[in-house]
file protein_37.cif (mmCIF, C-alpha atoms)
data_upload
loop_
_atom_site.label_atom_id
_atom_site.label_comp_id
_atom_site.auth_asym_id
_atom_site.auth_seq_id
_atom_site.Cartn_x
_atom_site.Cartn_y
_atom_site.Cartn_z
CA MET A 81 100.25 126.63 167.35
CA THR A 82 96.75 128.01 167.80
CA LYS A 83 96.83 126.95 171.43
CA GLU A 84 100.12 128.74 172.02
CA MET A 85 98.78 131.84 170.31
CA VAL A 86 95.58 131.86 172.36
CA SER A 87 97.43 131.46 175.63
CA ALA A 88 99.84 134.24 174.68
CA ILE A 89 97.30 136.76 173.38
CA GLU A 90 94.13 136.15 175.35
CA PRO A 91 95.41 137.44 178.71
CA LEU A 92 96.51 140.66 177.01
CA ILE A 93 93.07 141.59 175.69
CA PRO A 94 91.98 143.66 178.73
CA SER A 95 95.24 145.66 178.56
CA LEU A 96 94.84 146.18 174.82
CA ARG A 97 91.35 147.48 175.43
CA ARG A 98 92.67 149.85 178.08
CA TYR A 99 95.38 151.31 175.87
CA ALA A 100 92.94 151.60 172.98
CA ARG A 101 90.39 153.34 175.22
CA ALA A 102 93.01 155.82 176.39
CA LEU A 103 93.92 156.67 172.80
CA MET A 104 90.54 156.59 171.10
CA GLN A 105 88.50 157.99 173.98
CA ASP A 106 85.32 156.16 173.18
CA ARG A 107 84.47 152.61 173.86
CA SER A 108 83.16 151.47 170.52
CA SER A 109 85.96 152.84 168.37
CA ALA A 110 88.48 151.53 170.90
CA ASP A 111 87.02 148.03 170.82
CA ASP A 112 86.78 148.22 167.07
CA LEU A 113 90.48 148.97 167.03
CA VAL A 114 91.25 146.05 169.34
CA GLN A 115 89.23 143.72 167.13
CA ASP A 116 91.22 144.88 164.13
CA CYS A 117 94.41 144.36 166.10
CA LEU A 118 93.44 140.84 167.21
CA GLU A 119 92.52 139.85 163.67
CA ARG A 120 95.92 140.99 162.45
CA ALA A 121 97.67 139.30 165.33
CA ILE A 122 95.95 136.01 164.49
CA GLY A 123 96.87 136.39 160.84
CA HIS A 124 100.50 137.31 161.43
CA TRP A 125 101.27 135.23 164.48
CA HIS A 126 103.44 132.84 162.45
CA GLN A 127 105.54 135.78 161.23
CA ARG A 128 106.50 136.75 164.73
CA GLN A 129 110.20 136.29 165.33
CA ASN A 130 111.17 133.46 167.58
CA GLY A 131 111.35 134.49 171.19
CA GLU A 132 109.90 137.90 170.48
CA ASP A 133 107.95 139.32 173.40
CA ALA A 134 104.29 138.79 172.53
CA ARG A 135 103.23 141.78 174.60
CA ALA A 136 105.49 144.26 172.79
CA TRP A 137 104.63 142.65 169.47
CA ILE A 138 100.87 142.99 169.83
CA PHE A 139 101.05 146.46 171.37
CA THR A 140 103.05 147.49 168.31
CA ILE A 141 100.23 146.32 166.07
CA LEU A 142 97.64 148.12 168.18
CA HIS A 143 99.67 151.31 168.41
CA ASN A 144 100.28 151.50 164.68
CA LEU A 145 96.62 150.87 163.89
CA ALA A 146 95.60 153.56 166.37
CA MET A 147 97.99 156.12 164.91
CA THR A 148 96.83 155.39 161.37
CA ARG A 149 93.23 155.70 162.40
CA LEU A 150 93.67 158.85 164.45
CA ARG A 151 95.57 160.57 161.70
CA ARG A 152 93.01 159.56 159.12
CA SER A 153 89.91 160.51 161.09
CA THR A 154 90.93 163.99 162.23
CA ARG A 155 93.99 166.17 162.01
CA ARG A 156 94.43 166.76 165.71
CA PRO A 157 92.26 164.24 167.46
CA MET A 158 93.80 164.43 170.91
CA HIS A 159 93.31 168.15 171.20
CA LEU A 160 89.60 167.68 171.30
CA ALA A 161 88.40 169.21 174.52
CA LEU A 162 87.69 166.66 177.16
CA ASP A 163 84.82 168.85 178.29
CA ASP A 164 82.97 167.50 175.30
CA VAL A 165 83.63 163.93 176.25
CA ASP A 166 81.56 162.05 178.75
CA PRO A 167 84.09 161.10 181.43
CA GLY A 168 82.19 157.86 181.80
CA SER A 169 83.25 156.84 178.32
CA LEU A 170 86.86 156.93 179.39
CA THR A 171 86.84 155.39 182.77
CA SER A 172 83.43 153.73 182.75
CA PRO A 173 81.28 153.63 185.80
CA ALA A 174 83.64 154.98 188.41
CA ALA A 175 82.14 156.68 191.41
CA GLN A 176 81.32 160.27 190.64
CA GLU A 177 84.03 161.76 192.84
CA ASP A 178 86.57 159.45 191.27
CA GLY A 179 85.19 160.55 187.94
CA LEU A 180 85.82 164.20 188.82
CA ARG A 181 89.27 163.55 190.21
CA HIS A 182 90.25 161.51 187.18
CA ARG A 183 88.65 163.97 184.85
CA ASP A 184 91.29 166.60 185.60
CA LEU A 185 94.04 164.10 185.09
CA LEU A 186 92.61 162.89 181.79
CA ALA A 187 92.08 166.45 180.63
CA ALA A 188 95.73 167.16 181.39
CA LEU A 189 96.78 163.95 179.67
CA ALA A 190 94.89 165.00 176.57
CA LYS A 191 96.90 168.21 176.49
CA LEU A 192 100.19 166.36 176.20
CA PRO A 193 101.70 165.96 172.76
CA GLU A 194 100.83 162.56 171.39
CA GLU A 195 104.42 161.27 171.56
CA GLN A 196 104.56 162.05 175.27
CA ARG A 197 101.11 160.71 176.03
CA THR A 198 101.71 157.37 174.35
CA VAL A 199 105.01 156.76 176.10
CA LEU A 200 103.51 157.66 179.46
CA LEU A 201 100.58 155.30 178.94
CA LEU A 202 102.74 152.42 177.73
CA VAL A 203 105.19 152.70 180.60
CA SER A 204 103.05 153.91 183.51
CA VAL A 205 99.77 152.19 182.81
CA GLU A 206 100.64 149.22 180.62
CA ASP A 207 103.87 148.39 182.46
CA LEU A 208 105.90 147.95 179.31
CA SER A 209 109.63 147.97 179.87
CA TYR A 210 111.50 150.92 178.37
CA ALA A 211 112.88 148.56 175.72
CA ALA A 212 109.41 147.27 174.86
CA ALA A 213 108.04 150.82 174.67
CA ALA A 214 110.90 151.70 172.34
CA ARG A 215 109.97 148.76 170.16
CA VAL A 216 106.27 149.74 170.10
CA LEU A 217 107.01 153.36 169.29
CA ASP A 218 109.86 152.46 166.93
CA VAL A 219 112.31 154.89 168.54
CA PRO A 220 115.59 154.38 170.45
CA ILE A 221 115.38 153.80 174.20
CA GLY A 222 117.02 157.18 174.80
CA THR A 223 114.10 158.83 173.05
CA VAL A 224 111.65 156.89 175.21
CA MET A 225 113.45 158.13 178.31
CA SER A 226 113.53 161.76 177.30
CA ARG A 227 109.90 161.73 176.20
CA LEU A 228 108.95 160.10 179.47
CA SER A 229 110.73 162.79 181.47
CA ARG A 230 109.08 165.53 179.49
CA ALA A 231 105.67 163.88 179.75
CA ARG A 232 105.89 163.59 183.54
CA GLU A 233 107.14 167.10 184.00
CA ARG A 234 104.50 168.56 181.75
CA LEU A 235 101.67 166.56 183.24
CA ALA A 236 102.70 167.70 186.73
CA ARG A 237 102.73 171.30 185.55
CA LEU A 238 99.31 170.98 183.93
CA MET A 239 97.85 169.40 187.03
CA SER A 240 99.18 172.04 189.39
CA ALA A 241 98.11 174.87 187.07
CA ASP A 242 94.61 173.50 186.62
CA PRO A 243 91.79 175.37 188.33
CA PRO A 244 89.78 173.26 190.77
CA SER A 245 87.61 170.81 188.86
CA ILE A 246 84.48 172.22 190.47
CA GLN A 247 84.61 175.33 188.29
CA SER A 248 84.58 173.46 185.04
CA SER A 249 82.55 170.47 186.05
CA PRO A 250 79.96 169.57 183.43
CA TYR A 251 77.85 167.97 186.17
CA LEU A 252 77.46 171.24 188.03
CA ARG A 253 77.16 173.34 184.95
CA SER A 254 74.31 171.34 183.51
CA VAL A 255 72.22 171.27 186.66
CA LYS A 256 71.49 175.02 186.97
CA MET B 85 134.00 154.63 196.22
CA THR B 86 132.20 157.40 194.37
CA SER B 87 128.89 156.23 192.99
CA ARG B 88 127.71 157.10 189.51
CA PRO B 89 125.81 160.39 189.41
CA ILE B 90 122.03 160.12 189.58
CA THR B 91 120.41 160.81 186.20
CA GLU B 92 116.89 161.70 185.10
CA ASP B 93 116.70 158.17 183.72
CA ASP B 94 117.39 156.87 187.22
CA LEU B 95 114.59 159.00 188.59
CA ASN B 96 112.17 157.59 186.00
CA GLY B 97 113.40 154.09 186.74
CA PHE B 98 112.81 154.77 190.43
CA VAL B 99 109.25 155.88 189.71
CA ASP B 100 108.60 152.82 187.51
CA GLN B 101 110.48 150.49 189.86
CA THR B 102 112.71 149.15 187.14
CA LEU B 103 116.05 149.73 188.90
CA ASP B 104 118.03 146.96 190.49
CA PRO B 105 118.03 146.99 194.32
CA ALA B 106 121.51 148.55 194.57
CA ARG B 107 120.67 151.46 192.30
CA THR B 108 117.28 151.87 193.97
CA ALA B 109 119.06 152.31 197.30
CA GLU B 110 121.43 154.88 195.78
CA VAL B 111 118.55 156.88 194.34
CA ALA B 112 116.68 156.69 197.65
CA ALA B 113 119.74 158.01 199.48
CA TYR B 114 120.08 160.81 196.94
CA LEU B 115 116.42 161.77 197.36
CA GLU B 116 116.80 161.95 201.13
CA ALA B 117 119.42 164.57 200.66
CA HIS B 118 117.58 166.52 197.93
CA ALA B 119 114.12 167.46 199.10
CA GLU B 120 113.15 169.32 195.94
CA VAL B 121 113.91 166.41 193.66
CA ALA B 122 112.24 164.07 196.14
CA GLN B 123 109.11 166.19 195.93
CA ARG B 124 109.14 165.94 192.13
CA VAL B 125 109.63 162.17 192.22
CA ALA B 126 106.77 161.85 194.72
CA THR B 127 104.56 163.83 192.33
CA TYR B 128 105.51 161.49 189.47
CA ARG B 129 104.75 158.46 191.57
CA ALA B 130 101.35 159.84 192.55
CA GLN B 131 100.72 160.70 188.90
CA ARG B 132 101.52 157.14 187.90
CA GLU B 133 99.12 155.72 190.50
CA GLU B 134 96.35 158.12 189.50
CA LEU B 135 96.73 157.24 185.84
CA ARG B 136 96.51 153.56 186.63
CA ALA B 137 93.45 154.13 188.81
CA ALA B 138 91.74 156.21 186.13
CA PHE B 139 92.04 153.44 183.57
CA ALA B 140 91.61 150.49 185.93
CA PRO B 141 87.85 150.13 185.35
CA VAL B 142 88.49 149.19 181.73
CA ILE B 143 90.40 146.12 182.88
CA GLU B 144 87.47 145.03 185.03
CA GLU B 145 84.95 145.16 182.20
CA PRO B 146 83.94 141.83 180.73
CA VAL B 147 85.55 141.44 177.31
CA PRO B 148 82.89 141.91 174.62
CA SER B 149 82.16 138.83 172.55
CA GLU B 150 83.44 140.54 169.38
CA LEU B 151 86.86 140.38 171.01
CA ASP B 152 86.62 136.72 171.94
CA LEU B 153 89.85 135.35 170.49
CA ARG B 154 88.47 131.87 169.87
CA ARG B 155 85.57 133.29 167.93
CA LEU B 156 87.86 135.47 165.87
CA ILE B 157 90.02 132.45 165.06
CA GLU B 158 86.94 130.44 164.19
CA ALA B 159 85.62 133.24 161.98
CA ARG B 160 88.94 133.26 160.15
CA HIS B 161 88.76 129.57 159.40
CA ARG B 162 85.25 129.82 158.08
CA PRO B 163 85.37 133.33 156.65
CA ARG B 164 81.95 134.87 156.74
CA THR B 165 80.09 131.84 155.41
CA SER B 166 78.31 131.22 158.68
CA ALA B 167 77.13 134.81 158.95
CA ARG B 168 76.00 134.80 155.37
CA TRP B 169 74.17 131.51 155.81
CA SER B 170 72.30 132.66 158.83
CA MET B 171 71.37 135.87 157.03
CA ALA B 172 70.10 133.77 154.16
CA ALA B 173 68.24 131.50 156.54
CA ALA B 174 66.69 134.54 158.18
CA ALA B 175 65.57 135.88 154.83
CA VAL B 176 64.06 132.54 153.84
CA VAL B 177 62.19 132.23 157.10
CA LEU B 178 60.91 135.78 156.96
CA LEU B 179 59.76 135.30 153.38
CA ALA B 180 58.03 132.08 154.36
CA ILE B 181 56.28 133.80 157.24
CA GLY B 182 55.27 136.73 155.08
CA ALA B 183 53.96 134.38 152.45
CA ALA B 184 52.09 132.32 155.03
CA GLY B 185 50.54 135.45 156.48
CA GLY B 186 49.42 136.58 153.06
CA TRP B 187 47.90 133.25 152.23
CA SER B 188 46.02 132.81 155.43
CA MET B 189 44.48 136.22 154.98
CA ARG B 190 43.08 134.93 151.74
CA GLY B 191 41.55 132.08 153.68
CA MET B 192 44.08 129.47 152.60
CA ASP B 193 44.93 127.87 155.87
CA LEU B 194 48.26 126.35 154.88
CA MET B 195 49.85 126.58 158.27
CA PRO B 196 48.25 125.85 161.61
CA THR B 197 47.89 129.05 163.56
CA GLU B 198 47.63 127.42 166.95
CA GLY B 199 49.39 124.85 169.02
CA ILE B 200 52.83 123.36 168.81
CA GLN B 201 53.31 124.01 165.12
CA ALA B 202 52.62 127.71 165.56
CA LEU B 203 55.09 127.77 168.44
CA SER B 204 57.72 126.04 166.31
CA ARG B 205 57.24 128.61 163.60
CA GLU B 206 57.53 131.50 166.04
CA ALA B 207 60.68 130.01 167.54
CA THR B 208 62.24 129.62 164.10
CA ALA B 209 61.37 133.21 163.23
CA SER B 210 62.88 134.46 166.51
CA TYR B 211 66.01 132.45 165.84
CA ALA B 212 66.26 133.91 162.35
CA VAL B 213 66.02 137.45 163.66
CA TYR B 214 68.08 137.31 166.84
CA ALA B 215 70.70 134.58 166.41
CA PRO B 216 72.60 136.40 163.61
CA ASP B 217 72.49 139.65 165.58
CA HIS B 218 75.99 140.65 166.59
CA ILE B 219 75.08 143.97 168.12
CA ARG B 220 72.41 143.04 170.63
CA PRO B 221 71.41 139.40 170.37
CA VAL B 222 69.96 139.52 173.87
CA GLU B 223 68.42 142.36 175.82
CA VAL B 224 69.29 141.09 179.28
CA ARG B 225 72.56 139.26 179.68
CA ALA B 226 73.03 136.01 181.54
CA ASP B 227 74.99 137.69 184.32
CA ASP B 228 71.75 139.45 185.21
CA ALA B 229 69.73 136.23 185.25
CA SER B 230 67.42 137.29 188.05
CA ALA B 231 66.34 140.38 186.10
CA LEU B 232 65.72 138.17 183.09
CA ASP B 233 63.70 135.84 185.25
CA ASP B 234 61.60 138.65 186.69
CA TRP B 235 60.97 140.22 183.31
CA THR B 236 59.94 137.07 181.48
CA SER B 237 57.83 135.78 184.39
CA GLN B 238 56.03 139.08 184.67
CA ARG B 239 55.24 139.38 180.95
CA LEU B 240 54.27 135.74 180.52
CA GLY B 241 52.21 135.75 183.69
CA ARG B 242 54.03 132.69 185.03
CA ALA B 243 57.50 131.58 185.99
CA VAL B 244 59.61 130.18 183.19
CA THR B 245 62.53 127.92 184.02
CA ILE B 246 65.72 128.81 182.17
CA PRO B 247 67.41 125.49 181.37
CA ASP B 248 71.12 125.17 182.07
CA LEU B 249 72.85 123.56 179.07
CA LYS B 250 76.43 124.11 180.27
CA SER B 251 77.08 120.41 180.66
CA ALA B 252 76.40 120.09 176.92
CA GLY B 253 78.77 122.97 176.16
CA TYR B 254 76.18 125.70 175.66
CA ARG B 255 76.32 128.79 177.85
CA LEU B 256 73.33 131.00 178.46
CA MET B 257 73.98 134.37 176.75
CA GLY B 258 70.81 135.96 178.07
CA GLY B 259 67.37 136.63 176.74
CA ARG B 260 64.51 138.97 176.05
CA VAL B 261 60.74 139.12 175.69
CA VAL B 262 59.64 138.82 172.05
CA PRO B 263 56.26 139.24 170.38
CA THR B 264 54.37 136.34 168.83
CA GLU B 265 50.90 136.03 167.36
CA HIS B 266 49.96 134.51 170.69
CA GLY B 267 51.30 137.22 172.97
CA PRO B 268 54.66 137.72 174.64
CA ALA B 269 57.18 134.90 174.65
CA ALA B 270 60.45 134.46 176.50
CA LEU B 271 63.52 133.99 174.34
CA PHE B 272 66.71 132.55 175.78
CA MET B 273 69.87 132.36 173.74
CA TYR B 274 72.81 130.01 174.24
CA ASP B 275 76.13 129.64 172.49
CA ASP B 276 79.04 127.26 172.53
CA ASP B 277 82.77 127.86 172.23
CA LYS B 278 82.53 128.01 168.46
CA GLY B 279 79.89 130.71 168.60
CA THR B 280 77.08 128.39 167.51
CA ARG B 281 73.89 129.88 168.84
CA LEU B 282 70.69 128.20 169.97
CA VAL B 283 67.42 129.84 170.81
CA MET B 284 64.79 128.60 173.18
CA LEU B 285 61.36 130.16 173.00
CA ALA B 286 58.76 129.68 175.71
CA ARG B 287 55.20 130.95 175.94
CA PRO B 288 51.83 129.99 177.40
CA MET B 289 49.76 127.71 175.14
CA LYS B 290 46.03 128.21 174.70
CA ALA B 291 45.88 125.16 172.43
CA GLU B 292 47.84 121.97 172.99
CA GLY B 293 48.84 122.79 176.55
CA ASN B 294 50.38 119.35 176.81
CA ALA B 295 52.17 117.98 173.78
CA PRO B 296 54.91 115.44 173.26
CA MET B 297 58.20 116.56 171.82
CA SER B 298 58.13 116.89 168.07
CA PRO B 299 60.84 117.86 165.58
CA HIS B 300 60.50 120.57 162.97
CA GLU B 301 62.74 122.02 160.33
CA GLN B 302 62.75 124.97 158.01
CA GLY B 303 65.71 125.27 155.69
CA ASP B 304 68.88 124.85 157.75
CA VAL B 305 67.10 125.53 160.99
CA ASN B 306 66.00 122.55 163.07
CA GLY B 307 64.06 122.49 166.28
CA PHE B 308 62.16 120.50 168.86
CA SER B 309 58.97 121.71 170.49
CA TRP B 310 56.83 120.43 173.31
CA ALA B 311 54.38 121.66 175.90
CA ASP B 312 53.85 120.85 179.55
CA ASN B 313 51.11 122.19 181.79
CA GLY B 314 50.12 124.97 179.45
CA LEU B 315 53.66 126.23 178.74
CA GLY B 316 55.14 125.54 175.33
CA TYR B 317 58.85 125.35 174.60
CA SER B 318 60.79 125.21 171.40
CA LEU B 319 64.55 124.81 171.07
CA VAL B 320 65.91 125.76 167.64
CA GLY B 321 69.28 126.18 165.98
CA ALA B 322 71.14 125.78 162.73
CA SER B 323 72.40 122.42 163.97
CA SER B 324 71.38 118.89 163.06
CA ALA B 325 68.42 117.22 164.75
CA ASP B 326 70.84 114.71 166.29
CA ILE B 327 72.60 117.51 168.12
CA LEU B 328 69.45 119.32 169.15
CA ARG B 329 67.40 116.35 170.33
CA PRO B 330 69.47 115.52 173.44
CA LEU B 331 69.64 119.23 174.30
CA ALA B 332 65.86 119.54 174.08
CA ASN B 333 65.47 116.40 176.19
CA GLU B 334 67.81 117.80 178.80
CA ALA B 335 65.98 121.14 178.82
CA ARG B 336 62.66 119.38 179.25
CA ARG B 337 64.05 117.21 182.04
CA GLN B 338 65.25 120.29 183.93
CA ILE B 339 62.00 122.17 183.43
CA ARG B 340 59.95 119.21 184.67
CA SER B 341 62.13 118.70 187.72
CA GLN B 342 61.87 122.42 188.53
CA VAL B 343 58.08 122.30 188.31
CA ARG B 344 57.95 119.26 190.55
CA GLY B 345 60.38 120.82 192.97
CA ALA B 346 58.49 124.10 193.16
#

call {"tool": "encode", "arguments": {"input": "protein_37.cif", "output": "structure tokens"}}
result
Amino acid sequence: MTKEMVSAIEPLIPSLRRYARALMQDRSSADDLVQDCLERAIGHWHQRQNGEDARAWIFTILHNLAMTRLRRSTRRPMHLALDDVDPGSLTSPAAQEDGLRHRDLLAALAKLPEEQRTVLLLVSVEDLSYAAAARVLDVPIGTVMSRLSRARERLARLMSADPPSIQSSPYLRSVK
Amino acid sequence: MTSRPITEDDLNGFVDQTLDPARTAEVAAYLEAHAEVAQRVATYRAQREELRAAFAPVIEEPVPSELDLRRLIEARHRPRTSARWSMAAAAVVLLAIGAAGGWSMRGMDLMPTEGIQALSREATASYAVYAPDHIRPVEVRADDASALDDWTSQRLGRAVTIPDLKSAGYRLMGGRVVPTEHGPAALFMYDDDKGTRLVMLARPMKAEGNAPMSPHEQGDVNGFSWADNGLGYSLVGASSADILRPLANEARRQIRSQVRGA
């Protein structure tokens, strides 16, 4: 059984880290979260229903842990200004121009309501099916679809409304 | 035949490529006829690609050892005892060293301060400090082996061969330069699939520059030390002498063949 569990869970670890990083915004608390998630997954593997999709199952654990933690640590964690966050901590050592380009996107992403951001990440980045995303978020598929539409529309609006990144770039501001 | 009307859900499905081929074709045809919607869908697609690109580097990162599933499973089966034991071992060793230091200052020469026995003691102390470390057991990781090589060679004033113990199931984690009473030493750390760690310490020897392999033990920590051509080596771990002896022999064999080959 351990073998089956390892072969089901191990390949998912990089994706779990990615989703955790997107939610927690810093590497160590994200990895801490993933460790917590893996420990629970190991402990509850035998309770998984037969034939249940391991990916949706473990993302559910991770998502719930993240929400609990975010709500406990601060009231409105995702509204923290991305200006205060080292872009490197989100996307790790990307080239600087990539960093700037992605910075705007991540700043816009952070402005989305949490329910829209999570659905967008699960579907667009983690490639979860709509049904799996519904399972993770514990909402009907219809809700997933409407949140996804709103998330995409809002993100597009935020991106087109954003001033050029050069004006708010922390790199340029700090050089003087 | 009139096709079903295109919905927002279809547009999302088109962006995420979850539609069946027939519906995909219908949406594509619809978009050709509706430039404004097509523009919006193109924006969503670009958005999706950008998001994936922004988070892609996380996937490329090596998974930290705290997230090694096999280790987590192992830790569950032996909950915390191993960590606690190595902490205890570390405390015992540090106390012993402190006590030894105190005594020798009073002129009671209980422990040899030179030669192989001193090296064994230093290796055991390094093991006690670094092997239980889960935050930064090594300073330079194995994937940067050439930097590790340069650093240790430069500080020790001579090249130090890093033995490869993979065939015995121990991977090089990395290493660092550590202080000893006899100057800088090179520490290399290895672990196996169960997370069992071994430490090899190497430093130049002023006394006993050539010494046969000899075992030593301190509490749960066993080791084997030897010296060749003025360089001393000690391999230590919280494993039995029977496990460590062949590893030490293999390390010595590799080091000797390197020296001859060089």

call {"tool": "residues_around", "arguments": {"input": "protein_37.cif", "residues": "stretch 327-340 of chain B", "least_positions_apart": "3", "cutoff": "10 Å", "atoms": "only C-alpha atoms", "output": "ChimeraX atom specification"}}
result
/B:244-249,251-252,254,282,284,297-299,306-313,317-324,343-346

call {"tool": "resolve_selection", "arguments": {"input": "protein_37.cif", "expression": "the PyMOL selection byres ((chain A and resi 119) around 10)", "output": "JSON, numbers by chain"}}
result
{"A": [113, 114, 115, 116, 117, 118, 120, 121, 122, 123, 124, 125], "B": [151, 153, 156, 157, 159, 160]}

call {"tool": "resolve_selection", "arguments": {"input": "protein_37.cif", "expression": "the PyMOL selection byres ((chain A) within 7 of (chain B))", "output": "number ranges by chain"}}
result
A: 86, 90, 94-95, 98, 115, 119, 122, 171-172, 182, 204-205, 225, 232

call {"tool": "resolve_selection", "arguments": {"input": "protein_37.cif", "expression": "the PyMOL selection byres ((chain A and resi 238) around 12)", "output": "list in words"}}
result
Asp184, Leu185, Leu186, Ala187, Ala188, Leu189, Ala190, Lys191, Leu192, Ala231, Arg232, Glu233, Arg234, Leu235, Ala236, Arg237, Met239, Ser240, Ala241, Asp242, Pro243 and Pro244 of chain A; Gln131 of chain B

call {"tool": "atom_distance", "arguments": {"input": "protein_37.cif", "atom1": "atom CA of A:Asp106", "atom2": "atom CA of A:Leu150"}}
result
12.4 Å
